[in-house]
$ cat target.csv   # CSV, C-alpha atoms
chain,number,residue,atom,x,y,z
L,1126,MET,CA,24.0,3.9,-10.4
L,1127,ALA,CA,20.6,4.6,-12.1
L,1128,PRO,CA,17.7,5.9,-9.9
L,1129,ALA,CA,15.8,2.6,-10.2
L,1130,SER,CA,18.9,0.6,-9.2
L,1131,ARG,CA,19.4,2.7,-6.2
L,1132,LEU,CA,15.9,2.1,-5.1
L,1133,LEU,CA,16.2,-1.6,-5.7
L,1134,ALA,CA,19.4,-1.7,-3.6
L,1135,LEU,CA,17.5,0.0,-0.8
L,1136,TRP,CA,14.5,-2.3,-1.0
L,1137,ALA,CA,16.6,-5.4,-1.2
L,1138,LEU,CA,18.1,-4.4,2.2
L,1139,ALA,CA,14.9,-3.4,3.8
L,1140,ALA,CA,13.8,-4.7,7.2
L,1141,VAL,CA,12.0,-8.0,7.0
L,1142,ALA,CA,10.6,-8.5,10.5
L,1143,LEU,CA,7.1,-7.5,11.3
L,1144,PRO,CA,7.2,-4.7,14.0
L,1145,GLY,CA,6.7,-5.8,17.5
L,1146,SER,CA,9.5,-8.4,17.7
L,1147,GLY,CA,12.4,-6.1,18.1
L,1148,ALA,CA,12.1,-4.5,14.7
L,1149,GLU,CA,10.4,-1.3,15.5
L,1150,GLY,CA,11.3,1.7,13.3
L,1151,ASP,CA,12.2,2.1,9.7
L,1152,GLY,CA,15.0,-0.4,9.3
L,1153,GLY,CA,17.8,2.1,9.3
L,1154,ARG,CA,17.3,3.5,5.8
L,1155,PRO,CA,20.1,1.4,4.2
L,1156,GLY,CA,21.4,1.9,0.7
L,1157,GLY,CA,23.3,5.1,1.0
L,1158,PRO,CA,22.4,8.8,0.4
L,1159,GLY,CA,21.5,8.3,-3.2
L,1160,ALA,CA,18.9,5.7,-2.4
L,1161,VAL,CA,17.5,7.8,0.4
L,1162,ALA,CA,17.2,10.9,-1.9
L,1163,GLU,CA,15.3,8.8,-4.5
L,1164,GLU,CA,13.0,7.5,-1.8
L,1165,GLU,CA,12.3,11.0,-0.5
L,1166,ARG,CA,11.2,12.3,-3.9
L,1167,CYS,CA,7.5,13.0,-3.9
L,1168,THR,CA,5.2,14.4,-6.5
L,1169,VAL,CA,2.0,14.1,-4.6
L,1170,GLU,CA,0.9,17.0,-2.4
L,1171,ARG,CA,0.9,16.6,1.4
L,1172,ARG,CA,-1.7,18.4,3.4
L,1173,ALA,CA,-1.9,18.7,7.2
L,1174,ASP,CA,-4.6,21.4,7.5
L,1175,LEU,CA,-7.1,20.3,4.9
L,1176,THR,CA,-10.8,21.2,5.3
L,1177,TYR,CA,-13.6,19.1,3.9
L,1178,ALA,CA,-14.5,21.9,1.4
L,1179,GLU,CA,-10.9,22.0,0.2
L,1180,PHE,CA,-10.8,18.2,-0.1
L,1181,VAL,CA,-14.0,18.2,-2.3
L,1182,GLN,CA,-13.0,21.2,-4.5
L,1183,GLN,CA,-9.3,20.4,-5.0
L,1184,TYR,CA,-8.8,16.7,-4.7
L,1185,ALA,CA,-11.8,14.4,-4.4
L,1186,PHE,CA,-12.5,14.1,-8.2
L,1187,VAL,CA,-9.2,15.6,-9.5
L,1188,ARG,CA,-6.0,14.2,-8.0
L,1189,PRO,CA,-4.4,12.3,-5.2
L,1190,VAL,CA,-3.4,13.9,-1.9
L,1191,ILE,CA,-1.6,12.8,1.2
L,1192,LEU,CA,-3.4,13.6,4.5
L,1193,GLN,CA,-1.5,14.2,7.7
L,1194,GLY,CA,-2.7,14.5,11.3
L,1195,LEU,CA,-6.4,14.1,10.6
L,1196,THR,CA,-6.8,11.0,12.8
L,1197,ASP,CA,-5.0,9.3,15.7
L,1198,ASN,CA,-4.6,5.6,15.2
L,1199,SER,CA,-1.9,5.0,17.9
L,1200,ARG,CA,-4.2,2.5,19.7
L,1201,PHE,CA,-4.8,0.6,16.4
L,1202,ARG,CA,-1.1,0.7,15.7
L,1203,ALA,CA,-0.3,-0.9,19.0
L,1204,LEU,CA,-2.7,-3.7,18.3
L,1205,CYS,CA,-1.0,-4.4,14.9
L,1206,SER,CA,2.4,-5.4,16.3
L,1207,ARG,CA,3.5,-8.9,15.3
L,1208,ASP,CA,3.1,-10.3,18.8
L,1209,ARG,CA,-0.4,-9.0,19.3
L,1210,LEU,CA,-1.6,-10.0,15.9
L,1211,LEU,CA,-0.4,-13.5,16.3
L,1212,ALA,CA,-1.8,-13.8,19.8
L,1213,SER,CA,-5.2,-12.6,18.6
L,1214,PHE,CA,-5.5,-14.1,15.0
L,1215,GLY,CA,-2.6,-16.6,14.6
L,1216,ASP,CA,-5.0,-19.6,14.3
L,1217,ARG,CA,-7.5,-17.8,12.0
L,1218,VAL,CA,-7.6,-18.8,8.4
L,1219,VAL,CA,-6.9,-15.9,6.0
L,1220,ARG,CA,-7.3,-15.7,2.3
L,1221,LEU,CA,-4.3,-14.7,0.2
L,1222,SER,CA,-4.4,-13.2,-3.3
L,1223,THR,CA,-1.8,-13.4,-6.0
L,1224,ALA,CA,0.1,-10.1,-6.4
L,1225,ASN,CA,-0.9,-9.4,-10.0
L,1226,THR,CA,-3.3,-6.9,-11.5
L,1227,TYR,CA,-6.4,-9.1,-11.4
L,1228,SER,CA,-5.6,-11.1,-8.2
L,1229,TYR,CA,-7.6,-14.0,-9.6
L,1230,HIS,CA,-6.0,-16.8,-7.6
L,1231,LYS,CA,-6.8,-17.3,-3.9
L,1232,VAL,CA,-5.2,-19.5,-1.2
L,1233,ASP,CA,-6.4,-20.1,2.3
L,1234,LEU,CA,-4.1,-20.8,5.2
L,1235,PRO,CA,-3.6,-19.9,8.9
L,1236,PHE,CA,-2.5,-16.4,9.6
L,1237,GLN,CA,0.5,-17.6,11.7
L,1238,GLU,CA,1.7,-19.7,8.8
L,1239,TYR,CA,1.6,-16.7,6.5
L,1240,VAL,CA,3.6,-14.5,8.9
L,1241,GLU,CA,6.2,-17.1,9.7
L,1242,GLN,CA,6.7,-18.7,6.3
L,1243,LEU,CA,5.6,-16.4,3.5
L,1244,LEU,CA,6.2,-12.9,4.9
L,1245,HIS,CA,9.7,-12.5,3.3
L,1246,PRO,CA,11.3,-10.1,0.8
L,1247,GLN,CA,10.0,-10.2,-2.7
L,1248,ASP,CA,12.1,-12.2,-5.2
L,1249,PRO,CA,12.7,-9.8,-8.1
L,1250,THR,CA,12.5,-12.7,-10.6
L,1251,SER,CA,9.1,-14.0,-9.4
L,1252,LEU,CA,5.9,-13.3,-11.4
L,1253,GLY,CA,2.8,-11.8,-9.8
L,1254,ASN,CA,0.9,-15.1,-9.8
L,1255,ASP,CA,3.7,-16.7,-7.9
L,1256,THR,CA,3.5,-14.2,-5.1
L,1257,LEU,CA,0.9,-14.5,-2.3
L,1258,TYR,CA,-0.3,-11.3,-0.7
L,1259,PHE,CA,-2.5,-10.8,2.4
L,1260,PHE,CA,-4.8,-7.9,1.5
L,1261,GLY,CA,-8.5,-7.3,0.8
L,1262,ASP,CA,-10.1,-10.6,1.6
L,1263,ASN,CA,-10.7,-10.0,5.3
L,1264,ASN,CA,-13.4,-11.8,7.3
L,1265,PHE,CA,-15.0,-8.7,9.0
L,1266,THR,CA,-16.7,-10.8,11.7
L,1267,GLU,CA,-13.4,-12.5,12.7
L,1268,TRP,CA,-11.4,-9.2,12.5
L,1269,ALA,CA,-14.0,-6.9,14.1
L,1270,SER,CA,-12.2,-6.8,17.4
L,1271,LEU,CA,-9.3,-5.1,15.6
L,1272,PHE,CA,-11.2,-2.9,13.1
L,1273,ARG,CA,-13.3,-1.3,15.7
L,1274,HIS,CA,-10.2,0.5,17.0
L,1275,TYR,CA,-9.4,2.0,13.6
L,1276,SER,CA,-10.4,5.7,12.9
L,1277,PRO,CA,-10.9,6.1,9.2
L,1278,PRO,CA,-10.2,9.4,7.4
L,1279,PRO,CA,-13.1,11.8,8.1
L,1280,PHE,CA,-13.8,12.9,4.6
L,1281,GLY,CA,-16.5,10.8,2.8
L,1282,LEU,CA,-18.1,11.2,-0.6
L,1283,LEU,CA,-21.8,11.6,-1.3
L,1284,GLY,CA,-23.5,8.3,-2.1
L,1285,THR,CA,-20.6,6.1,-0.9
L,1286,ALA,CA,-20.1,3.9,2.1
L,1287,PRO,CA,-16.7,2.9,3.5
L,1288,ALA,CA,-15.3,-0.7,3.5
L,1289,TYR,CA,-12.0,-1.7,5.0
L,1290,SER,CA,-9.2,-3.9,3.6
L,1291,PHE,CA,-6.4,-4.8,5.9
L,1292,GLY,CA,-3.0,-6.0,4.8
L,1293,ILE,CA,0.4,-7.2,5.8
L,1294,ALA,CA,3.2,-7.8,3.2
L,1295,GLY,CA,7.0,-8.3,3.0
L,1296,ALA,CA,9.6,-5.9,1.7
L,1297,GLY,CA,9.7,-5.5,-2.0
L,1298,SER,CA,6.1,-6.8,-2.4
L,1299,GLY,CA,3.2,-4.9,-3.9
L,1300,VAL,CA,0.5,-4.9,-6.5
L,1301,PRO,CA,1.1,-3.9,-10.1
L,1302,PHE,CA,-1.0,-1.3,-11.9
L,1303,HIS,CA,-4.8,-1.5,-11.5
L,1304,TRP,CA,-7.7,0.8,-10.9
L,1305,HIS,CA,-11.0,0.8,-9.0
L,1306,GLY,CA,-13.2,3.3,-7.1
L,1307,PRO,CA,-11.9,6.0,-4.8
L,1308,GLY,CA,-10.5,5.4,-1.4
L,1309,TYR,CA,-7.8,5.9,1.2
L,1310,SER,CA,-4.7,3.9,2.2
L,1311,GLU,CA,-3.0,4.4,5.6
L,1312,VAL,CA,0.3,2.9,6.5
L,1313,ILE,CA,0.4,1.6,10.1
L,1314,TYR,CA,3.9,0.1,10.1
L,1315,GLY,CA,6.6,0.4,7.5
L,1316,ARG,CA,6.7,2.5,4.3
L,1317,LYS,CA,4.8,2.0,1.0
L,1318,ARG,CA,5.8,3.6,-2.3
L,1319,TRP,CA,2.9,4.6,-4.6
L,1320,PHE,CA,2.9,5.2,-8.4
L,1321,LEU,CA,-0.2,6.8,-9.9
L,1322,TYR,CA,-1.6,7.8,-13.3
L,1323,PRO,CA,-4.8,9.6,-14.1
L,1324,PRO,CA,-7.6,7.5,-15.8
L,1325,GLU,CA,-6.8,8.8,-19.3
L,1326,LYS,CA,-3.1,7.9,-19.1
L,1327,THR,CA,-2.8,4.1,-19.2
L,1328,PRO,CA,0.6,3.0,-17.9
L,1329,GLU,CA,3.0,0.7,-19.6
L,1330,PHE,CA,3.0,-2.5,-17.6
L,1331,HIS,CA,2.5,-6.3,-17.7
L,1332,PRO,CA,-0.4,-7.5,-15.4
L,1333,ASN,CA,1.6,-10.5,-14.2
L,1334,LYS,CA,4.9,-8.7,-13.5
L,1335,THR,CA,5.5,-7.4,-10.0
L,1336,THR,CA,5.9,-3.7,-9.2
L,1337,LEU,CA,9.5,-4.5,-8.4
L,1338,ALA,CA,10.1,-5.9,-11.9
L,1339,TRP,CA,8.3,-2.9,-13.5
L,1340,LEU,CA,10.6,-0.6,-11.5
L,1341,ARG,CA,13.6,-2.5,-12.8
L,1342,ASP,CA,12.6,-3.0,-16.4
L,1343,THR,CA,10.2,-0.2,-17.4
L,1344,TYR,CA,10.6,2.8,-15.0
L,1345,PRO,CA,14.2,3.7,-15.9
L,1346,ALA,CA,13.3,4.2,-19.6
L,1347,LEU,CA,10.3,6.5,-19.0
L,1348,PRO,CA,10.8,10.1,-20.2
L,1349,PRO,CA,9.9,12.7,-17.6
L,1350,SER,CA,6.6,13.4,-19.3
L,1351,ALA,CA,5.5,9.7,-19.0
L,1352,ARG,CA,6.5,9.2,-15.3
L,1353,PRO,CA,3.7,8.7,-12.8
L,1354,LEU,CA,2.9,10.7,-9.7
L,1355,GLU,CA,4.8,9.0,-6.9
L,1356,CYS,CA,5.5,9.2,-3.2
L,1357,THR,CA,6.5,7.1,-0.2
L,1358,ILE,CA,3.8,6.9,2.4
L,1359,ARG,CA,5.0,6.5,6.0
L,1360,ALA,CA,3.3,5.3,9.2
L,1361,GLY,CA,0.5,7.6,10.1
L,1362,GLU,CA,0.1,9.1,6.7
L,1363,VAL,CA,-3.0,8.5,4.5
L,1364,LEU,CA,-3.1,8.6,0.7
L,1365,TYR,CA,-6.3,9.5,-1.0
L,1366,PHE,CA,-6.8,8.2,-4.6
L,1367,PRO,CA,-9.7,9.4,-6.8
L,1368,ASP,CA,-12.0,7.1,-8.8
L,1369,ARG,CA,-10.4,5.1,-11.6
L,1370,TRP,CA,-6.9,6.3,-11.1
L,1371,TRP,CA,-4.3,3.8,-12.1
L,1372,HIS,CA,-1.9,2.9,-9.2
L,1373,ALA,CA,0.8,0.4,-8.3
L,1374,THR,CA,2.3,-0.1,-4.8
L,1375,LEU,CA,5.6,-1.3,-3.5
L,1376,ASN,CA,6.3,-2.0,0.2
L,1377,LEU,CA,9.7,-0.7,1.2
L,1378,ASP,CA,9.7,-2.6,4.5
L,1379,THR,CA,7.6,-5.3,5.9
L,1380,SER,CA,4.4,-3.2,6.2
L,1381,VAL,CA,1.0,-3.2,7.9
L,1382,PHE,CA,-1.6,-1.1,6.1
L,1383,ILE,CA,-5.3,-0.6,5.8
L,1384,SER,CA,-7.4,0.9,3.0
L,1385,THR,CA,-10.8,2.5,3.2
L,1386,PHE,CA,-12.7,2.0,-0.1
L,1387,LEU,CA,-15.5,4.4,-0.8
L,1388,GLY,CA,-18.0,2.2,-2.7
$ encode --input "target.csv" --output "structure tokens"
Amino acid sequence: MAPASRLLALWALAAVALPGSGAEGDGGRPGGPGAVAEEERCTVERRADLTYAEFVQQYAFVRPVILQGLTDNSRFRALCSRDRLLASFGDRVVRLSTANTYSYHKVDLPFQEYVEQLLHPQDPTSLGNDTLYFFGDNNFTEWASLFRHYSPPPFGLLGTAPAYSFGIAGAGSGVPFHWHGPGYSEVIYGRKRWFLYPPEKTPEFHPNKTTLAWLRDTYPALPPSARPLECTIRAGEVLYFPDRWWHATLNLDTSVFISTFLG
């Protein structure tokens, strides 16, 4: 079975329940040893002992890096269980975006309806504009009681200010390739696979095809020299991406995540 097919088999079997309702953990890593080995492959450096000087000199303007152990968000994680989120925000109206490169279509509906009716595994045949995704359009006043418990990565960039984007998405969902300013992305529950290219290397993709479709149709044919940097980010890890780096994401489980954009 080809590497992409092994990954697709793994993602198709991934856990679909939001943590906090008897689905704590990683879903058992289904798919066999080949799928697990492919998921474990990582070409982004992990650092657990990074200083601010090293961050600025080696990564901030040059390449992505995965940060480990710089913050403790165990309290925030506890507040992000399914039961607690529904109890606190179930009746709040949230704004969903289509899961394509430009996210130009928006839909408003109660958070509980999103969790109970739309938080399901991605259909590999669906287009990006047919897939609704909760990420980025957060009402900071309504979600302030949650966000105040989050500890962002400690490394800032001169002349920027942090802005949060909170998200919850089903297994196999994600956003196809796009770029913007620098920032961080932390996984609170689940696992998220990242694919990244530097600004000068535009990836081959269709803006209205999902990351899952790209992985199935395009990724297997890429020669080694054309493959992206890639890695699976797990709960408690933080990925930093520099300014204008192309990136696509794929949630391997139902995932809760938060980004800190440096604008």
$ residues_around --input "target.csv" --residues "segment 1291-1295 of chain L" --least-positions-apart "3" --cutoff "7 Å" --atoms "only C-alpha atoms" --output "mmCIF file with C-alpha atoms, in the coordinates of the input"
data_model
loop_
_atom_site.group_PDB
_atom_site.id
_atom_site.type_symbol
_atom_site.label_atom_id
_atom_site.label_comp_id
_atom_site.auth_asym_id
_atom_site.auth_seq_id
_atom_site.Cartn_x
_atom_site.Cartn_y
_atom_site.Cartn_z
ATOM 1 C CA VAL L 1141 12.000 -8.000 7.000
ATOM 2 C CA LEU L 1244 6.200 -12.900 4.900
ATOM 3 C CA HIS L 1245 9.700 -12.500 3.300
ATOM 4 C CA PRO L 1246 11.300 -10.100 0.800
ATOM 5 C CA GLN L 1247 10.000 -10.200 -2.700
ATOM 6 C CA TYR L 1258 -0.300 -11.300 -0.700
ATOM 7 C CA PHE L 1259 -2.500 -10.800 2.400
ATOM 8 C CA PHE L 1260 -4.800 -7.900 1.500
ATOM 9 C CA GLY L 1261 -8.500 -7.300 0.800
ATOM 10 C CA ASN L 1263 -10.700 -10.000 5.300
ATOM 11 C CA SER L 1298 6.100 -6.800 -2.400
ATOM 12 C CA ASN L 1376 6.300 -2.000 0.200
ATOM 13 C CA ASP L 1378 9.700 -2.600 4.500
ATOM 14 C CA THR L 1379 7.600 -5.300 5.900
ATOM 15 C CA SER L 1380 4.400 -3.200 6.200
ATOM 16 C CA VAL L 1381 1.000 -3.200 7.900
ATOM 17 C CA PHE L 1382 -1.600 -1.100 6.100
ATOM 18 C CA ILE L 1383 -5.300 -0.600 5.800
ATOM 19 C CA SER L 1384 -7.400 0.900 3.000
#
$ atom_distance --input "target.csv" --atom1 "atom CA of His1274 of chain L" --atom2 "atom CA of Leu1257 of chain L"
26.8 Å
$ atom_distance --input "target.csv" --atom1 "atom CA of Trp1304 of chain L" --atom2 "atom CA of Arg1369 of chain L"
5.1 Å
$ residues_around --input "target.csv" --residues "Thr1336 of chain L" --least-positions-apart "4" --cutoff "8 Å" --atoms "only C-alpha atoms" --output "list in words"
Ser1298, Gly1299, Val1300, Pro1301, Phe1302, Leu1340, Ala1373, Thr1374 and Leu1375 of chain L
$ atom_distance --input "target.csv" --atom1 "atom CA of Asn1198 of chain L" --atom2 "atom CA of Leu1377 of chain L"
21.0 Å
$ closest_residue --input "target.csv" --among "L:Val1240, L:Leu1364, L:Ala1178, L:Leu1282" --to "Ser1206 of chain L" --atoms "only C-alpha atoms"
L:Val1240
$ residues_around --input "target.csv" --residues "Ser1276 of chain L" --least-positions-apart "5" --cutoff "10 Å" --atoms "only C-alpha atoms" --output "VMD selection string"
chain L and resid 1195 to 1201
$ residues_around --input "target.csv" --residues "Pro1278 of chain L" --least-positions-apart "6" --cutoff "9 Å" --atoms "all atoms listed in the file" --output "VMD selection string"
chain L and resid 1192 1195 to 1196 1309 1311 1363 1385
$ residues_near_point --input "target.csv" --point "(-2.4, -20.0, 15.4)" --cutoff "10 Å" --atoms "all atoms listed in the file" --output "ChimeraX atom specification"
/L:1211-1218,1235-1238
$ closest_residue --input "target.csv" --among "L:Gly1194, L:Gly1253, L:Gly1284, L:Gly1308" --to "Thr1223 of chain L" --atoms "only C-alpha atoms"
L:Gly1253
$ closest_residue --input "target.csv" --among "L:Tyr1322, L:Tyr1344, L:Trp1370, L:Tyr1275" --to "Cys1205 of chain L" --atoms "all atoms listed in the file"
L:Tyr1275
$ residues_near_point --input "target.csv" --point "(8.1, -10.4, -12.8)" --cutoff "8 Å" --atoms "all atoms listed in the file" --output "PyMOL selection string"
chain L and resi 1249-1253+1333-1339
$ residues_around --input "target.csv" --residues "Ala1351 of chain L" --least-positions-apart "6" --cutoff "12 Å" --atoms "all atoms listed in the file" --output "list in words"
Phe1320, Leu1321, Tyr1322, Pro1323, Lys1326, Thr1327, Pro1328, Glu1329, Thr1343, Tyr1344 and Pro1345 of chain L
